[in-house]
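The structure appears right after this line, and notes come after that.
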Amino acid sequence: MVGQRLKRELKKEESRNMIEAKDVSLSFGEQELFKDLNFQIPKGTNVVFGGPSGRGKSSLLKIIQGYIRPDKGKILVNGRELNEETIAKIRGDIAWIPQNINLPVDKGSELMKLMEVSSRQKIAEEYLVQLGLKPEFLDKDFREISGGQKQRIIIAICIALDKEIILLDEPTSSLDEESIALLIDTMKSLNEKTIVSASHNQTWLNSVDQIIEL
């Protein structure tokens, strides 16, 4: 009975973690980015990978999605070990917002059609307003707006996808201080989402629940 109860408690504890790294190491050539990295990211928390450029923050976000394979160690997402059998399901639970966004479309509304989520346009518009832009910006040509406006449009659309996990790479890179504050408020309103980002922006670092330094 004690053994069964202990197993249940351990399983329950594991289920509280949305993302977990166990002894993860990564090198590019002779450059070692991190070695035997361990961390746990509980469900519903806002966590950032911090540290100077070149320490592997962006690479770690890609490892979580299976786009980069670590030299050793393993990643668990919502209790599943990331591998060939689980990768499609895990990616399906993630909204990914990279730092450099080159898209085969010219407008936010076209992006929603490409992603087959036009039915969620009203939700995307609501998040767009929270981020300081009018709903009409979904129909503005990306070539005629600023990089920060484009970034906020894409973030609004990705949040509207309603995924369990939101991954952001340097989400404040094109934003001014006012826009950063609006983004922080928007992220704080997503109480049940697990938000993981890579950043060295101090305002953003001050807003999260946990910083994992690399």
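Ligands are numbered from 1 in the order shown, chains are lettered A, B, ... in the order of the structure tokens, and residues start at 1 in each chain.
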
Can you build me a table of stretch 148-188 of chain A residues sitting at most 9 Å from stretch 54-66 of chain A, with the closest atom pair per residue and its distance in Å to one decimal, using only C-alpha atoms, sorted by chain and residue number, as CSV?
```
residue,atom,partner,partner_atom,distance
A:Leu167,CA,A:Leu61,CA,7.1
A:Leu168,CA,A:Leu61,CA,8.1
A:Asp169,CA,A:Ser58,CA,6.2
A:Glu170,CA,A:Ser58,CA,8.4
```

* Asked: In stretch 18-199 of chain A, what's strand (DSSP E or B) per DSSP? Answer as a PyMOL selection string?
  -> chain A and resi 18-28+31-42+46-50+72-77+80-81+94-97+165-169+194-198

A:Ile154 proximity check over A:Asn38, A:Gln210, A:Asn100, A:Ser197, using only C-alpha atoms: winner is A:Asn100

Between atom CA of A:Arg16 and atom CA of A:Thr172 lies a distance of 28.4 Å

The distance between atom CA of A:Leu214 and atom CA of A:Glu20 is 15.3 Å

Could you list, as a PDB file with N, CA and C atoms, in the first residue's frame, every residue within 7 Å of A:Pro135, counting only C-alpha atoms and ignoring same-chain residues fewer than 6 positions away?
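Final output, saved to selection-v1.pdb:
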```
ATOM      1  N   GLU A 125      -8.209  39.569 -32.481  1.00  0.00           N
ATOM      2  CA  GLU A 125      -8.436  41.012 -32.430  1.00  0.00           C
ATOM      3  C   GLU A 125      -8.478  41.509 -30.981  1.00  0.00           C
ATOM      4  N   LEU A 128      -5.038  41.702 -29.802  1.00  0.00           N
ATOM      5  CA  LEU A 128      -4.375  42.802 -30.480  1.00  0.00           C
ATOM      6  C   LEU A 128      -4.656  44.123 -29.768  1.00  0.00           C
ATOM      7  N   VAL A 129      -5.891  44.290 -29.346  1.00  0.00           N
ATOM      8  CA  VAL A 129      -6.259  45.501 -28.598  1.00  0.00           C
ATOM      9  C   VAL A 129      -5.506  45.555 -27.277  1.00  0.00           C
TER      10      VAL A 129
END
```

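For the choices A:Gln31, A:Ser146, A:Asn201, A:Thr194, the atom-to-atom distance to A:Ile165 is smallest for A:Thr194 when using only C-alpha atoms.
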
Practice item. Using only C-alpha atoms, determine which residues lie at most 12 Å from A:Pro104, disregarding the query and same-chain residues fewer than 2 positions distant; provide the list as a count of residues only. Key: 12

Worksheet entry | Residue neighbourhood stretch 175-185 of chain A, 8 Å, only C-alpha atoms, exclusion window fewer than 5 positions, as a VMD selection string | chain A and resid 130 to 132 148 203 to 204 207

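Using only C-alpha atoms for every distance, the candidate list A:Gln121, A:Asn78, A:Asn206, A:Ser189 yields A:Asn206 as the residue closest to A:Gly50.
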
- Please provide the set of residues having any atom within 6 Å of A:Ala124, restricted to only C-alpha atoms, with same-chain residues fewer than 4 positions apart removed, written as a ChimeraX atom specification. /A:156-157,160

Emit the selected residues as a short mmCIF file (atom, residue, chain, number, x, y, z; two decimals), in the first residue's frame, including C-alpha atoms.
```
data_model
loop_
_atom_site.label_atom_id
_atom_site.label_comp_id
_atom_site.auth_asym_id
_atom_site.auth_seq_id
_atom_site.Cartn_x
_atom_site.Cartn_y
_atom_site.Cartn_z
CA ALA A 156 -1.80 38.06 -30.82
CA ILE A 157 -2.50 35.39 -33.44
CA ALA A 160 -5.41 33.09 -30.03
#
```

Quiz item: A:Ile94: which residues within 7 Å, counting only C-alpha atoms, same-chain residues fewer than 4 positions away excluded, as number ranges by chain?
Solution: A: 90, 163-166

(request) Just the helix (DSSP H, G or I) stuff from stretch 78-179 of chain A, please, per backbone DSSP, written as a VMD selection string. (result) chain A and resid 87 to 92 108 to 114 118 to 130 135 to 139 142 to 144 147 to 160 177 to 179

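The spacing separating atom CA of A:Met187 from atom CA of A:Glu116 amounts to 23.7 Å.
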
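Candidate residues A:Leu37, A:Ile212, A:Val48, A:Leu133 were compared for distance to A:Gly73, and the nearest is A:Leu37, using only C-alpha atoms.
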